[in-house]
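Okay, structure first, notes after.
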Amino acid sequence: MSTLTPPPTTTTGGPRPAAPPARPPSRRRPARTRRRWFGVLAVAVALVWAFPVYWMLNSSFLPYNRIRSPEPSFLPLGGTLSAYERVFDSDFFSAFRMSAVVTLITVAAALVFAFLAALALSRFRFRGRRSFILAVLIIQMIPAEGLFISQFKLLEGWQLLNSVVGLSLLYVAAVVPFTIWMLRGFVNGVPRELEEAALVDGCSRVQAFFRITFPLLAPGLVASGVYAFLQAWNEFTLALVVMTRPENMTLPIWLKTFTEANRTSDWAGIMAGSVVIAIPVMIFFLFVQHRMTSGLVSGAVKG
Amino acid sequence: MRPSPTSSTSPAAGPPAGGAPAAQVAPRRRRAGVLPYLLLVPAVLVLAAALGYPLVRQAVMSFQEYGLAQQFGQPPEWVGLDNYVELITDSYLWTVVFRSVLFCLANASITMVLGVALAVLMTQTGPGPRLTLQIGLLLAWAMPHLASLTVWQWLFEAQYGVVNWVLVQAGLEQFAGHSWLIDQLSFFTVATVIVVWMSVPFVAFAVYAGLTQVPGELYEAAGIDGASPWQRFRAITVPLVRPVLLIVGLLQIIWDLKVFTQIFVLQDAGGVTADTNLIGTYIYRLGLGEGEFGLAAAASWFMLLLTVALSLYYVRVLVREEEL
């Protein structure tokens with residue numbers, strides 16, 4: 001259909017016809033129907049993509065007899081919250097506390113460290129700057145899964161196995177390269193001239209920075225913070241390796257243990273557990289995602 | 001952020017990596033002194049401690065006999081390249097490597113194709129459908145990995161999973177009670193569905209963000225010149241979002257090569273470990289499972305080199321095109 005667009009009658013350099021209404025009937029209608037079909041397609045893809053999330057929510061409300069029936073229930077009508085009670089009766093809260101503390105430490109440390117580094121990279125020219133940027137890029141290629149043996153031995157040697165500090169240390173290191181990369185893009189985006197204007201107006205360099213540049217960087221800091229939050233909140237492998245005692249489980253490990261224990265008996269409970277872990281993250285994420293993508297792209301594309 | 005149209009008159013001039021950005025970030029001579037180095041110290045320290053040191057230690061360990069006996073106090077013995085020789089001569093390693101590379105390339109390319117297609121779709125629809133699509137993708141993107149993995153296990157559950165139910169409704173009776181994880185091929189089908197489902201949103205959003213930065217005048221000019229949609233896509237869109245495609249493609253390759261959680265969890269849910277190991281789970285089982293730390297360390301280095309080799313092309317292009 002789209003290939004049937006009429007041949008271009010307008011000559012390239014010629015003056016455009018003064019009265020465009022002559023064209024639309026033949027030109028615009030296919031474009032409009034095409035657009036409509038694309039719209040239908042987009043909505044269809046959205047439904048397919050969101051279905052697992054809906055299914056998680058739906059299943060978490062279903063009572064036992066309806067979740068295990070030959071005919072799936074597509075709506076949780078007459079549902080129950082009992083699955084959530086079972087979740088909260090398990091050691092969910094201890095895992096929640098562990099995840100919250102580790103995540104908080106990771107976000108705070110990663111933000112401070114990465115912010116300082118990004119500032120250095122973006123605002124100063126110095127020897128080794130290029131190599132550092134390159135290193136940051138390459139570090140991200142180190143497969144974490146290839147390192148966890150010696151990270152395990154490292155924490156074992158420092159008596160940091162099963163400790164919040166140990167796990168946070170690994171998380172900060174895992175997150176920092178990317179947050180540096182991201183923040184660098186944001187700092188580059190704040191024109192230095194703004195700071196210099198403030199200097200001319202009699203601010204000190206530090207004042208100029210905190211009054212002018214820092215507020216403009218807030219969105220970047222939020223975006224990077226959320227990135228660090230998501231990584232630490234969701235991380236599975238290192239937590240599995242390093243937190244060997246059940247009382248030190250983080251939420252992902254808890255969910256896996258809970259799933260293993262209830263796979264044959266309580267899918268509603270398992271789905272409720274997934275909901276409880278996912279919902280806060282999703283809400284958080286929906287607010288900031290566009291900043292994250294634009295930050296990523298601007299950091300990636302523009303010097 | 002700030003648009004930097006180098007030359008909006010020549011559409012096919014390629015990404016704006018020419019002279020202008022270099023001039024923008026041009027070194028403004030300021031005597032830096034030690035301040036920038038001080039600013040780098042915390043980041044460097046934490047990276048050195050948690051990544052650098054383990055990396056070195058792993059290199060050392062890979063040349064040692066480091067098994068269970070050494071775990072319990074016996075000093076490790078230097079064995080030269082023995083670990084590497086043992087690994088490389090073991091045909092199982094090559095099976096795993098081949099499987100991993102295949103899995104990585106399949107997943108990365110499916111993800112890229114779907115992601116770019118959806119990004120283009122976003123530019124072609126009205127605000128309503130676009131927002132719907134974006135929300136659908138966001139929900140998948142924001143799901144914590146473990147939660148999505150758990151949900152997918154439930155979807156593919158043999159007795160009461162909705163996937164089998166749908167397939168049976170569609171007339172494929174053989175899927176009644178079908179266990180997806182036991183057979184190698186269907187195990188990796190499930191894994192691919194999950195990995196692609198999780199990764200497409202990121203690609204779609206990043207590419208869409210790139211697409212929205214392409215100035216509309218370029219398309220108008222091309223339209224006046226009579227370029228077909230496909231020609232416009234080839235001559236304007238692709239070159240201008242090339243840097244985004246490159247970095248996103250690179251990340252996909254890196255991520256898909258080291259897929260761990262998905263495989264690990266699915267294995268525990270019923271997959272046959274030996275048939276379904278990828279490099280990550282192989283190293284894990286070798287090291288923490290069997291206590292063969294020396295061998296596992298050698299395998300890790302092998303994996304690292306493989307990743308670098310696979311992504312070398314991308315890194316070179318990135319370094320060349322980017323004004324660091």
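Just so we're on the same page: first chain in the structure tokens is A, next is B, and so on; residues restart at 1 for each chain, and ligands are numbered from 1 in the order they show up.
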Need to verify the contact set: B:Ile283, 10 Å, only C-alpha atoms, exclusion of same-chain residues closer than 3 positions in sequence. Can you return it as a CSV table (one decimal) with N, CA and C atoms, in the first residue's frame?
chain,number,residue,atom,x,y,z
A,145,GLU,N,29.8,-12.2,35.8
A,145,GLU,CA,29.7,-13.6,36.1
A,145,GLU,C,31.1,-14.3,36.0
A,146,GLY,N,32.0,-13.7,35.4
A,146,GLY,CA,33.4,-14.3,35.3
A,146,GLY,C,34.2,-13.9,36.5
A,147,LEU,N,33.7,-13.0,37.3
A,147,LEU,CA,34.5,-12.4,38.4
A,147,LEU,C,34.1,-12.9,39.8
A,148,PHE,N,32.9,-13.5,39.9
A,148,PHE,CA,32.4,-13.7,41.2
A,148,PHE,C,33.1,-14.7,42.1
A,149,ILE,N,33.9,-15.6,41.4
A,149,ILE,CA,34.7,-16.5,42.2
A,149,ILE,C,35.6,-15.8,43.1
B,277,ASN,N,23.9,-25.5,30.2
B,277,ASN,CA,24.9,-24.5,30.7
B,277,ASN,C,25.3,-23.5,29.6
B,278,LEU,N,25.4,-22.2,30.0
B,278,LEU,CA,26.1,-21.2,29.2
B,278,LEU,C,27.3,-20.9,30.0
B,279,ILE,N,28.2,-20.0,29.5
B,279,ILE,CA,29.5,-19.8,30.1
B,279,ILE,C,29.3,-19.4,31.6
B,280,GLY,N,28.4,-18.5,31.8
B,280,GLY,CA,28.2,-18.0,33.2
B,280,GLY,C,27.9,-19.1,34.2
B,286,LEU,N,31.3,-24.9,38.1
B,286,LEU,CA,32.7,-25.3,38.2
B,286,LEU,C,33.3,-24.8,39.5
B,287,GLY,N,33.1,-23.5,39.8
B,287,GLY,CA,33.8,-22.9,40.9
B,287,GLY,C,33.1,-23.2,42.2
B,288,LEU,N,31.9,-22.6,42.4
B,288,LEU,CA,31.3,-22.7,43.7
B,288,LEU,C,30.5,-24.1,43.8
B,289,GLY,N,30.3,-24.7,42.7
B,289,GLY,CA,29.6,-26.0,42.8
B,289,GLY,C,30.6,-27.1,43.1
B,290,GLU,N,31.7,-27.2,42.3
B,290,GLU,CA,32.6,-28.3,42.5
B,290,GLU,C,33.9,-27.9,43.2
B,292,GLU,N,36.3,-26.2,42.1
B,292,GLU,CA,37.5,-26.1,41.3
B,292,GLU,C,37.8,-24.7,40.9
B,293,PHE,N,38.3,-24.0,41.9
B,293,PHE,CA,38.5,-22.5,41.7
B,293,PHE,C,39.5,-22.2,40.7
B,295,LEU,N,40.4,-23.9,38.0
B,295,LEU,CA,39.8,-24.1,36.7
B,295,LEU,C,38.7,-23.0,36.4
B,296,ALA,N,37.9,-22.7,37.3
B,296,ALA,CA,36.9,-21.7,37.1
B,296,ALA,C,37.5,-20.4,36.8
B,297,ALA,N,38.6,-20.1,37.5
B,297,ALA,CA,39.3,-18.8,37.2
B,297,ALA,C,39.8,-18.7,35.8
B,298,ALA,N,40.4,-19.9,35.4
B,298,ALA,CA,40.8,-19.9,34.0
B,298,ALA,C,39.7,-19.7,33.0
B,299,ALA,N,38.5,-20.4,33.3
B,299,ALA,CA,37.4,-20.2,32.5
B,299,ALA,C,36.9,-18.8,32.5
B,300,SER,N,37.0,-18.1,33.6
B,300,SER,CA,36.5,-16.7,33.7
B,300,SER,C,37.4,-15.8,32.7
B,303,MET,N,36.4,-16.4,29.3
B,303,MET,CA,35.1,-15.7,29.0
B,303,MET,C,35.4,-14.2,28.8
Margin query: Which of stretch 51-231 of chain A end up as alpha helix (DSSP H) when DSSP is run on this backbone - answer as a VMD selection string?
Written below: chain A and resid 51 to 60 64 to 67 82 to 89 92 to 123 129 to 139 148 to 157 164 to 189 192 to 200 205 to 208 214 to 231
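Distances to chain A were evaluated for B:Leu93, B:Leu39, B:Leu185, B:Val241 using only C-alpha atoms, and the minimum falls at B:Leu39.
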Check: Distance atom CA of A:Pro280-atom CA of A:Thr257, one decimal place?
Finding: 20.6 Å
Next item on the list: Take atom CA of B:Val193 and atom CA of B:Gln262 and report the distance between them in Å, one decimal.
Entry: 10.7 Å
Near chain B, 7 Å: chain A residue rows, closest pairs, only C-alpha atoms, as a tab-separated table:
residue	atom	partner	partner_atom	distance
A:Pro8	CA	B:Gly226	CA	5.6
A:Thr12	CA	B:Asp225	CA	5.7
A:Arg35	CA	B:Thr125	CA	5.6
A:Phe38	CA	B:Thr125	CA	5.8
A:Gly39	CA	B:Pro129	CA	5.2
A:Ala42	CA	B:Leu133	CA	5.5
A:Val43	CA	B:Pro129	CA	5.6
A:Val45	CA	B:Leu133	CA	6.7
A:Ala46	CA	B:Leu133	CA	4.4
A:Leu47	CA	B:Gly136	CA	6.5
A:Trp49	CA	B:Gly136	CA	5.7
A:Ala50	CA	B:Gly136	CA	4.8
A:Pro52	CA	B:Val151	CA	6.6
A:Val53	CA	B:Leu139	CA	7.0
A:Met56	CA	B:Val151	CA	6.0
A:Arg68	CA	B:Tyr160	CA	6.1
A:Ser69	CA	B:Tyr160	CA	6.9
A:Pro70	CA	B:Tyr160	CA	6.6
A:Pro72	CA	B:Val162	CA	6.8
A:Phe113	CA	B:Ala43	CA	5.1
A:Ala114	CA	B:Ala43	CA	6.5
A:Leu116	CA	B:Leu39	CA	5.0
A:Ala117	CA	B:Leu40	CA	4.7
A:Ala120	CA	B:Pro36	CA	4.6
A:Phe124	CA	B:Ala32	CA	6.1
A:Arg125	CA	B:Pro27	CA	6.5
A:Phe126	CA	B:Ala32	CA	6.5
A:Arg130	CA	B:Leu324	CA	6.3
A:Met141	CA	B:Ile254	CA	6.3
A:Ile142	CA	B:Leu304	CA	6.1
A:Pro143	CA	B:Leu304	CA	6.3
A:Glu145	CA	B:Gly280	CA	5.4
A:Gly146	CA	B:Ser300	CA	4.3
A:Leu147	CA	B:Ser300	CA	6.7
A:Ile149	CA	B:Gly287	CA	6.6
A:Ser150	CA	B:Pro54	CA	5.1
A:Gln151	CA	B:Pro54	CA	5.6
A:Leu154	CA	B:Pro54	CA	6.8
A:Leu169	CA	B:Ala50	CA	6.7
A:Leu170	CA	B:Ala50	CA	5.7
A:Ala173	CA	B:Leu47	CA	5.2
A:Gly189	CA	B:Met1	CA	6.5
A:Asn234	CA	B:Pro144	CA	5.4
A:Phe236	CA	B:Thr261	CA	6.9
A:Thr237	CA	B:Thr261	CA	6.6
A:Pro252	CA	B:Leu146	CA	5.8
A:Met271	CA	B:Val151	CA	6.8
A:Ser274	CA	B:Ala147	CA	4.8
A:Ala278	CA	B:Met143	CA	5.6
A:Val281	CA	B:Ala142	CA	6.6
A:Met282	CA	B:Ala142	CA	5.1
A:Phe285	CA	B:Ala142	CA	6.2
A:Thr293	CA	B:Ala206	CA	5.6
A:Ser294	CA	B:Ala209	CA	6.2
A:Val297	CA	B:Ala206	CA	6.3
A:Ser298	CA	B:Met1	CA	6.1
A:Val301	CA	B:Pro243	CA	5.9
A:Gly303	CA	B:Glu323	CA	4.9
Next item on the list: For B:Gln174, work out the shell of residues within 10 Å, counting only C-alpha atoms and skipping chain neighbours fewer than 6 positions away, then give it as a ChimeraX atom specification.
Entry: /B:164,167-168
Kindly export the residues of the current selection with N, CA, C and O atoms, as an mmCIF file, in the first residue's frame.
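out_32.cif written:
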data_model
loop_
_atom_site.group_PDB
_atom_site.id
_atom_site.type_symbol
_atom_site.label_atom_id
_atom_site.label_comp_id
_atom_site.auth_asym_id
_atom_site.auth_seq_id
_atom_site.Cartn_x
_atom_site.Cartn_y
_atom_site.Cartn_z
ATOM 1 N N ASN B 164 0.561 -23.178 27.522
ATOM 2 C CA ASN B 164 0.086 -24.470 27.047
ATOM 3 C C ASN B 164 -1.404 -24.423 26.739
ATOM 4 O O ASN B 164 -1.874 -25.003 25.761
ATOM 5 N N LEU B 167 -1.946 -22.750 23.421
ATOM 6 C CA LEU B 167 -1.531 -23.612 22.307
ATOM 7 C C LEU B 167 -2.542 -24.734 22.075
ATOM 8 O O LEU B 167 -2.867 -25.061 20.932
ATOM 9 N N VAL B 168 -3.060 -25.287 23.144
ATOM 10 C CA VAL B 168 -4.059 -26.345 22.994
ATOM 11 C C VAL B 168 -5.333 -25.776 22.376
ATOM 12 O O VAL B 168 -5.933 -26.375 21.481
#
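The coordinates place atom CA of B:Leu266 at 11.6 Å from atom CA of B:Thr192.
Among the candidate residues A:Val48, A:Trp55, A:Gly220, A:Phe178, the one lying nearest to B:Phe156 is A:Trp55, with distances computed using only C-alpha atoms.
Between A:Val241 and the residues A:Ile67, A:Val200, A:Ala208, A:Leu167, the shortest atom-to-atom distance, using only C-alpha atoms, involves A:Leu167.
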Checklist line | Near-B:Phe63 list (7 Å; only C-alpha atoms; drop same-chain fewer than 6 positions) as a PyMOL selection string | finding: chain B and resi 78-81+83+294
With N, CA and C atoms kept, could you save the residues just selected as a short mmCIF file (atom, residue, chain, number, x, y, z; two decimals), in the first residue's frame?
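again.cif, written as the output of this step:
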data_model
loop_
_atom_site.label_atom_id
_atom_site.label_comp_id
_atom_site.auth_asym_id
_atom_site.auth_seq_id
_atom_site.Cartn_x
_atom_site.Cartn_y
_atom_site.Cartn_z
N TRP B 78 51.64 -24.04 42.07
CA TRP B 78 51.71 -23.46 40.73
C TRP B 78 51.68 -24.56 39.69
N VAL B 79 50.82 -24.41 38.72
CA VAL B 79 50.75 -25.47 37.72
C VAL B 79 50.89 -24.92 36.30
N GLY B 80 51.34 -23.68 36.20
CA GLY B 80 51.52 -23.12 34.86
C GLY B 80 50.21 -23.05 34.09
N LEU B 81 50.26 -23.56 32.89
CA LEU B 81 49.08 -23.44 32.02
C LEU B 81 48.15 -24.64 32.12
N ASN B 83 45.66 -25.54 33.93
CA ASN B 83 44.22 -25.29 33.97
C ASN B 83 43.67 -24.96 32.59
N GLY B 294 40.60 -22.96 40.62
CA GLY B 294 41.63 -22.69 39.61
C GLY B 294 41.07 -22.81 38.20
#
